[in-house]
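Read the structure below first, then the notes.
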2 protein chains.
Amino acid sequence: MAKHSIGLDYGTNSVRGLLVDVASGEEVGTAVWNYAHGSAGVILSDDPNLARQHPADYVKGAQVVIRKVLANAKRTVRGFGPGDVIGIGVDTTGSTPMPVDAAGRPLALAKEFATEPAAMAWLWKDHTGVAEAAEITELAAKMRPQYLAKCGGTYSSEWFFSKILHCLRTSPAVFNAANSWVEIADWIPAMLTGTESPSRLTVGVCAAGHKAMYNDAWGGYPDAKFLSRLDPRLGQLRSRLPDKAHTVDQPVGGLTADWARWTGLAAGVPVAVGAFDAHLGAVGAGITPGTLVKIIGTSTCDMMIAPAKQRLADVPGLCGIVPGSILPGYFGLEAGQSAVGDIFNWFVNFIQPGGAKAGSHEKLSADAARLRPGASGLLALDWNNGNRTVLVDQRLTGLLIGQTLYTTPAEIYRALIEATAFGALTIINRFEEYGVPVRQIVNCGGIAERNPLVMQIYADVTGRTMRISRSAQTCALGAAIAGAVVAGKAAGGHASFAAAQKAMTGQKPRIFAPNAKAHAVYGELYSLYLQLHDAFGTSQWHGSLYGVMKQLLQIRGRARA
Amino acid sequence: MAKHSIGLDYGTNSVRGLLVDVASGEEVGTAVWNYAHGSAGVILSDDPNLARQHPADYVKGAQVVIRKVLANAKRTVRGFGPGDVIGIGVDTTGSTPMPVDAAGRPLALAKEFATEPAAMAWLWKDHTGVAEAAEITELAAKMRPQYLAKCGGTYSSEWFFSKILHCLRTSPAVFNAANSWVEIADWIPAMLTGTESPSRLTVGVCAAGHKAMYNDAWGGYPDAKFLSRLDPRLGQLRSRLPDKAHTVDQPVGGLTADWARWTGLAAGVPVAVGAFDAHLGAVGAGITPGTLVKIIGTSTCDMMIAPAKQRLADVPGLCGIVPGSILPGYFGLEAGQSAVGDIFNWFVNFIQPGGAKAGSHEKLSADAARLRPGASGLLALDWNNGNRTVLVDQRLTGLLIGQTLYTTPAEIYRALIEATAFGALTIINRFEEYGVPVRQIVNCGGIAERNPLVMQIYADVTGRTMRISRSAQTCALGAAIAGAVVAGKAAGGHASFAAAQKAMTGQKPRIFAPNAKAHAVYGELYSLYLQLHDAFGTSQWHGSLYGVMKQLLQIRGRARA
């Protein structure tokens, strides 16, 4: 019988299970379960920076979606049996750490902390640790500059230690009750294999390297002396973090008997080391050296790999450069745009242009597609949610220039798309300037699949062909690929990621080639974009307007206080 | 019986007649007639720069509205008779010149030119003469720099000689058939008094001084040598223009017997020298030295006067500094913003924000009124239609900065209002920097009357009290005041504009005082506005972005070609 693997993709609002034929990559079954807690799976509060998840949803989610995909496959795949599932992979959001006790049990599952947000998982987009992030950045800049060099020069409020330090400062009861903190990307594979105790935990290099300043070059996680300077209790935590982080070709263990019973799978099925969704998404999109995988959603992740033996400079502005974070044997490089789909959604959902005709994405795209490059006279910056790469500055805002008395919603919509394309080009150029050539671009995500205007503009702006991943679920597919690799060739899986990707990934037939005439016009517009980018985004620019956006945010902060 | 005067206000789409009690300023009757020709009174063509009017509408318009206001007054004012009308004043748009024959008859009324747009009145907003305007500016800069010093440094495509020269170049048959060219501000009073022959014509200093480089300091209109350098035939036209221009306290003559018969008025009623709507509007709003009259409509005119005996510097960026153009004995100073109401209308009518809830001005204003200054983090430039004062640059465009993923239509609407307020403050500052103190601000126009949010923001931004003219028809009222002055005291009118304004103008009781706290926030925002203003609007600014808007317009021009 054909062998299959399962990818579990833990998102912000739901978990997806995907059952894949490891020989063909055929996706024979998929199931989604929406988290039960909070608002669409996210626990919120009066503090707009707070976003948590309840770990009970991780447990139930795996049970539900695995049972569902198996039941579906039994109905639709002739002769399928759960015993044909040979491996499991897991991807999650991140950095999403949570406090656990000495057994590795999430504190939120204990009665005393059942309704305490600090005891839950601190979702990637939780920004409560802004002050702590600044503190960590400042200390590292003085004491351990090498820590910052690998994460773009700034330690983010979204990341592991910012969140833990904020908990220590603001919810000491939770901090003191915790034995350790675990990324859910590590905790979920551990839960499936009964290895969740901090003393036995296997952590992935993806989360550790991109979000927790882990690097083998300096002995793993940041040293205790550094952490102690932030707070002695954080220094003590260091000894309970693992010494070594692992790549996704490693299994963390085999499925426990309990989980076998709960799901119908065979006990002992190997579960791969977990990683973040974007990283396994890049795998599922067929990432190779020279391939840029753009995962386009509300924001983007722009993923590349470079051979680990290559001498790679620190690339300023990249979110991270981590050996093995995407594929073993390669540097994983992560760049991104803070908002792409979110900017289009803002225009459609908040501005709601077009009056009673109600400008939908479809209508605006159709109208915008009839416009010629440059014909609106508009130019925008794609900074409504700050700029992740290359400026690494959340305190930037949007800009639209060129409006007349006749500017239309479709013209603005197109200018916003173009702005995100200019942002994408800036990332491509940054990769190439630092020795990482971009020879192929593979896009994935709903916008790439459903909006040909966006893809054509991206092609025209960048002067490069836009390709689209065959799978609509590249993250879950990447996790399933990891499952097929840890299963191993002998069990019917794959000996390597290269072999697994070759068998299991692909591209859609429709490609978007650049139009030379449009590209020439966009070349002119891009040079103007860069002028605005540097004027408002960098303090080095002579006659700088660098302060304008920041002062507006300061004034706004006071006005809203 | 109470004495009355009539103001005729020729606008872009219609003509208004206003019958006013000269002792009290009470507006006892008003009538509006929409022009019959073209689209809402404007003849258009494929050329988006072309805008003409048919002079037949001027003739019929006067007949209709005068008869209507008299009929109304007979019904509503006890004992009223047409013999109680002692004077007439006229204001019009401008520069709106038209070609006439030797009898002063508009060429458009001749059969051979009945459908020829070049033979009609070239409406103020006709921009077909862009190339000729540049040519005139260039020649004057070299040959007669003094001509430019009084009109802000640039001769506009909207003005008298640009239009005539364009006609000469593109419609020579019309140019050759014309004996002369007359502003409708001069032609309409001449038509009422039978003095329209070029050899007898009385021209006003308002149109001549602001639009045709007329100045007594250099002998009136530009000299024949200068005009001949543009084209010898233009030089020949010079001899058929009057030697002397007059102020609005002078009558051009008495109503003809024909017009008395057509209207029911007494023959011989004096008709004042004509002027532009904004100038007589300033009179109707009670302009005095130290009073800035803001006529706020789709754009604004910002009018001041300064004693003619004052030594007044040339104020850079002002549309004009013309002795007697508003009131005899004073410099008339005209500044303005290229778009104010038009920007709000653009947002409401073109962007149509708010989806099915259809953001109206009322709804957006109500929502925007609940926002605190600075709380949106937004800042805009009010340049969607270029910048008249102080930059005198039509090739500028709008800018909005500070958008996030949560920015709302009401926030943008408020930012657009604030932008126009910052533009207004820039004009106030420019007046004061050049020795024309602003001690009082009187607003008129529909926005001033109907939108208290706009007035409060203007007060808060400028730190000055906003007052509103009592009359909703200040232009027509100003014309009626001119009628009352040329009637003279002996006939029951007034001996001077000062006396007439005292009796006939006033302010509404509601004033808008600045809020100190809001003013402080706006002070910060204004300093950021100025940074953007100088960066994008001036080439002197170091690290200039001056080219960005201009290059966008160039790219747009090529893309649309």
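By convention in this document, the chains of the structure tokens carry letters A, B, ... by their order, each chain's residues are numbered from 1, and ligands are numbered from 1 in the order they are shown.
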Within 6 Å of chain A, which residues belong to chain B? Use only C-alpha atoms and report them as a compact mmCIF listing (two decimals) with C-alpha atoms, in the first residue's frame.
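Now in out-v4.txt:
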# COMPACT_ATOMS: atom_id res chain seq x y z
CA TRP B 346 -12.89 64.14 -3.65
CA PHE B 350 -14.48 59.63 -5.51
CA ILE B 351 -13.25 57.45 -2.70
CA GLN B 352 -16.76 57.03 -1.28
CA PRO B 353 -15.51 55.62 2.00
CA GLY B 354 -17.70 53.82 4.46
CA GLY B 355 -19.20 51.19 2.18
CA ALA B 356 -22.93 50.77 2.37
CA ALA B 358 -22.00 55.78 2.52
CA GLY B 374 -3.17 64.22 16.88
CA ALA B 375 -4.96 61.03 17.89
CA GLY B 377 -1.31 59.84 13.81
CA ASN B 384 -4.50 67.50 -4.46
CA ASN B 385 -4.95 70.40 -6.88
CA THR B 397 -0.08 66.55 -5.52
CA GLY B 398 -1.60 65.21 -2.35
CA LEU B 399 0.19 63.32 0.39
CA LEU B 400 -1.09 61.33 3.34
CA ILE B 401 1.24 59.92 5.93
CA GLY B 402 0.75 57.94 9.13
CA GLN B 403 -1.71 55.26 7.98
CA THR B 404 -1.84 52.07 10.01
CA LEU B 405 -3.93 48.95 9.54
CA THR B 408 -10.55 55.00 9.51
CA PRO B 409 -12.28 57.22 6.93
CA HIS B 542 18.49 70.13 1.60
CA GLY B 543 18.06 66.48 0.75
CA LEU B 552 5.29 61.04 -10.71
CA LEU B 553 3.36 63.50 -12.84
CA ILE B 555 5.53 59.28 -15.50
CA ARG B 556 1.76 59.63 -15.34
CA ALA B 559 1.65 56.41 -19.13
CA ARG B 560 -1.56 58.14 -20.16
Original post:
Quick one: residues within 10 Å of stretch 461-467 of chain B, only C-alpha atoms counted, chain neighbours fewer than 5 positions away excluded, as JSON, numbers by chain?
Top reply: {"B": [293, 294, 373, 418, 419, 420, 421, 422, 423, 424, 425, 426, 428, 429, 438, 439, 440, 441, 442, 443, 444, 448, 449, 455, 456, 507, 508, 509, 510, 511, 512, 513, 514, 515, 516, 518, 519, 520, 521, 522, 523, 525, 526]}
**OP:** Identify, on the basis of only C-alpha atoms, every residue whose closest approach to stretch 21-28 of chain B does not exceed 8 Å; exclude the query and any residue fewer than 2 positions from it along the same chain; express the result as a PyMOL selection string.
**Re:** chain B and resi 2-5+18-19+30+73+76-77+481+484+493-494+500+503-505
Nearby residues (only C-alpha atoms) at most 8 Å from A:Gly286, same-chain spacing under 3 positions excluded, as a compact mmCIF listing (two decimals) with N, CA, C and O atoms, in the first residue's frame:
# COMPACT_ATOMS: atom_id res chain seq x y z
N ALA A 282 8.21 26.88 3.53
CA ALA A 282 9.24 26.99 2.49
C ALA A 282 9.63 25.61 1.97
O ALA A 282 9.83 25.41 0.77
N VAL A 283 9.70 24.64 2.88
CA VAL A 283 10.01 23.27 2.47
C VAL A 283 8.91 22.73 1.56
O VAL A 283 9.17 22.16 0.50
N SER A 469 3.33 27.88 -5.82
CA SER A 469 3.42 26.52 -5.29
C SER A 469 2.17 25.71 -5.66
O SER A 469 1.06 26.21 -5.64
N GLN A 501 11.29 16.41 -1.12
CA GLN A 501 10.75 17.58 -1.82
C GLN A 501 10.55 17.27 -3.29
O GLN A 501 9.55 17.68 -3.89
N LYS A 502 11.49 16.54 -3.87
CA LYS A 502 11.38 16.21 -5.29
C LYS A 502 10.10 15.41 -5.54
O LYS A 502 9.36 15.65 -6.50
N THR A 505 6.66 17.91 -3.74
CA THR A 505 6.30 19.31 -4.00
C THR A 505 6.24 19.57 -5.50
O THR A 505 6.74 18.78 -6.29
N GLY A 506 5.65 20.72 -5.86
CA GLY A 506 5.56 21.08 -7.27
C GLY A 506 5.04 22.49 -7.43
O GLY A 506 4.79 23.19 -6.44
Subject >> Given only C-alpha atoms as the counted atoms, nearest of B:Gln53, B:Ala114, B:Arg261, B:Gly435 to B:Gln310 >> reply: B:Gly435
I'd like the contact shell of stretch 104-108 of chain B - 9 Å cut-off, only C-alpha atoms, skipping same-chain residues fewer than 5 positions apart - returned as a PDB file with C-alpha atoms, in the first residue's frame.
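Result went into around-v6.pdb, see below:
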ATOM      1  CA  HIS B  54     -21.528  81.309 -23.999  1.00  0.00           C
ATOM      2  CA  PRO B  55     -22.045  85.084 -23.646  1.00  0.00           C
ATOM      3  CA  ALA B  56     -25.734  84.763 -24.489  1.00  0.00           C
ATOM      4  CA  MET B  98     -13.791  86.961 -24.578  1.00  0.00           C
ATOM      5  CA  PRO B  99     -13.197  88.294 -28.051  1.00  0.00           C
ATOM      6  CA  PHE B 113     -18.799  81.740 -34.801  1.00  0.00           C
ATOM      7  CA  ALA B 114     -21.966  80.461 -33.136  1.00  0.00           C
ATOM      8  CA  THR B 115     -20.497  77.053 -32.322  1.00  0.00           C
ATOM      9  CA  GLU B 116     -16.825  77.996 -32.170  1.00  0.00           C
ATOM     10  CA  PRO B 117     -15.497  77.602 -28.618  1.00  0.00           C
ATOM     11  CA  ALA B 118     -12.600  79.964 -29.302  1.00  0.00           C
ATOM     12  CA  ALA B 119     -15.112  82.751 -29.918  1.00  0.00           C
ATOM     13  CA  MET B 120     -16.832  82.245 -26.580  1.00  0.00           C
ATOM     14  CA  ALA B 121     -15.760  83.400 -23.115  1.00  0.00           C
ATOM     15  CA  VAL B 174     -11.236  84.036 -34.306  1.00  0.00           C
ATOM     16  CA  ALA B 177     -11.981  88.637 -36.412  1.00  0.00           C
ATOM     17  CA  ALA B 178     -11.714  90.129 -32.927  1.00  0.00           C
ATOM     18  CA  ASN B 179     -11.290  93.822 -32.488  1.00  0.00           C
ATOM     19  CA  SER B 180     -10.346  93.348 -28.853  1.00  0.00           C
ATOM     20  CA  TRP B 181     -10.695  91.093 -25.825  1.00  0.00           C
ATOM     21  CA  VAL B 182     -12.718  91.957 -22.744  1.00  0.00           C
ATOM     22  CA  TRP B 187     -18.195  93.508 -20.413  1.00  0.00           C
ATOM     23  CA  ALA B 190     -20.690  97.760 -20.243  1.00  0.00           C
ATOM     24  CA  MET B 191     -23.523  95.744 -21.743  1.00  0.00           C
ATOM     25  CA  THR B 195     -20.591 101.215 -23.299  1.00  0.00           C
ATOM     26  CA  GLU B 196     -19.220  97.926 -24.590  1.00  0.00           C
ATOM     27  CA  SER B 197     -17.429  99.262 -27.640  1.00  0.00           C
ATOM     28  CA  PRO B 198     -13.670  98.821 -27.033  1.00  0.00           C
ATOM     29  CA  SER B 199     -13.162 102.488 -27.740  1.00  0.00           C
ATOM     30  CA  LEU B 201     -14.992 100.561 -22.556  1.00  0.00           C
TER      31      LEU B 201
END
**OP:** Pull the strand (DSSP E) assignments for stretch 420-471 of chain B out of DSSP run on the backbone, and list those residues as an MDAnalysis selection string.
**Re:** chainID B and resid 440:444 466:468
Store the residues picked out above in a file with C-alpha atoms, as a compact mmCIF listing (two decimals), in the first residue's frame.
# COMPACT_ATOMS: atom_id res chain seq x y z
CA GLN B 440 -9.44 89.40 12.42
CA ILE B 441 -10.56 86.53 10.21
CA VAL B 442 -13.97 86.49 8.58
CA ASN B 443 -14.99 83.36 6.72
CA CYS B 444 -17.66 83.01 4.13
CA MET B 466 -12.95 82.31 13.29
CA ARG B 467 -15.84 84.62 12.48
CA ILE B 468 -18.43 84.08 9.79
Original post:
Excluding same-chain residues fewer than 3 positions from A:Asp314, what lies within 12 Å of it counting only C-alpha atoms, as a PyMOL selection string?
Top reply: chain A and resi 146-153+311+317-322+331+333+430-431+433-436
**OP:** Fewer than 6 positions away in the same chain doesn't count, so skip those; otherwise give me all residues within 10 Å of A:Arg233, counting only C-alpha atoms, as a list of chain:residue names.
**Re:**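 With the cut-off at 10 Å, the set is A:Leu165, A:Leu168, A:Phe175, A:Asn176, A:Ala224, A:Leu227.
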Only N, CA and C atoms, please: the residues just picked out, written as an mmCIF file, in the first residue's frame.
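Listing of result-v3.cif after writing:
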data_model
loop_
_atom_site.group_PDB
_atom_site.id
_atom_site.type_symbol
_atom_site.label_atom_id
_atom_site.label_comp_id
_atom_site.auth_asym_id
_atom_site.auth_seq_id
_atom_site.Cartn_x
_atom_site.Cartn_y
_atom_site.Cartn_z
ATOM 1 N N LEU A 165 10.574 37.517 30.152
ATOM 2 C CA LEU A 165 10.988 38.579 31.077
ATOM 3 C C LEU A 165 9.792 39.437 31.476
ATOM 4 N N LEU A 168 7.950 37.510 34.067
ATOM 5 C CA LEU A 168 8.690 37.610 35.324
ATOM 6 C C LEU A 168 8.383 38.932 36.037
ATOM 7 N N PHE A 175 5.535 33.081 36.759
ATOM 8 C CA PHE A 175 6.952 32.820 36.479
ATOM 9 C C PHE A 175 7.553 31.870 37.507
ATOM 10 N N ASN A 176 7.227 32.122 38.765
ATOM 11 C CA ASN A 176 7.815 31.290 39.829
ATOM 12 C C ASN A 176 7.293 29.857 39.800
ATOM 13 N N ALA A 224 24.158 32.326 30.765
ATOM 14 C CA ALA A 224 23.497 32.665 32.035
ATOM 15 C C ALA A 224 23.931 34.029 32.552
ATOM 16 N N LEU A 227 21.854 36.558 30.682
ATOM 17 C CA LEU A 227 20.458 36.532 31.118
ATOM 18 C C LEU A 227 20.318 37.035 32.548
#
Subject >> Nearest candidate to A:Gln63 (options A:Asp126, A:Asp277, A:Glu362, A:Asp258; using only C-alpha atoms) >> reply: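 The closest residue to A:Gln63 is A:Asp258.
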Subject >> helix (DSSP H, G or I) per DSSP on the backbone: members of stretch 375-436 of chain B, as a PyMOL selection string >> reply: chain B and resi 409-433
Original post:
Which one of A:Glu135, A:Glu411, A:Asp393, A:Asp216 sits closest to A:Thr538 if you count only C-alpha atoms?
Top reply: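 For A:Thr538, the nearest of the given residues is A:Asp393.
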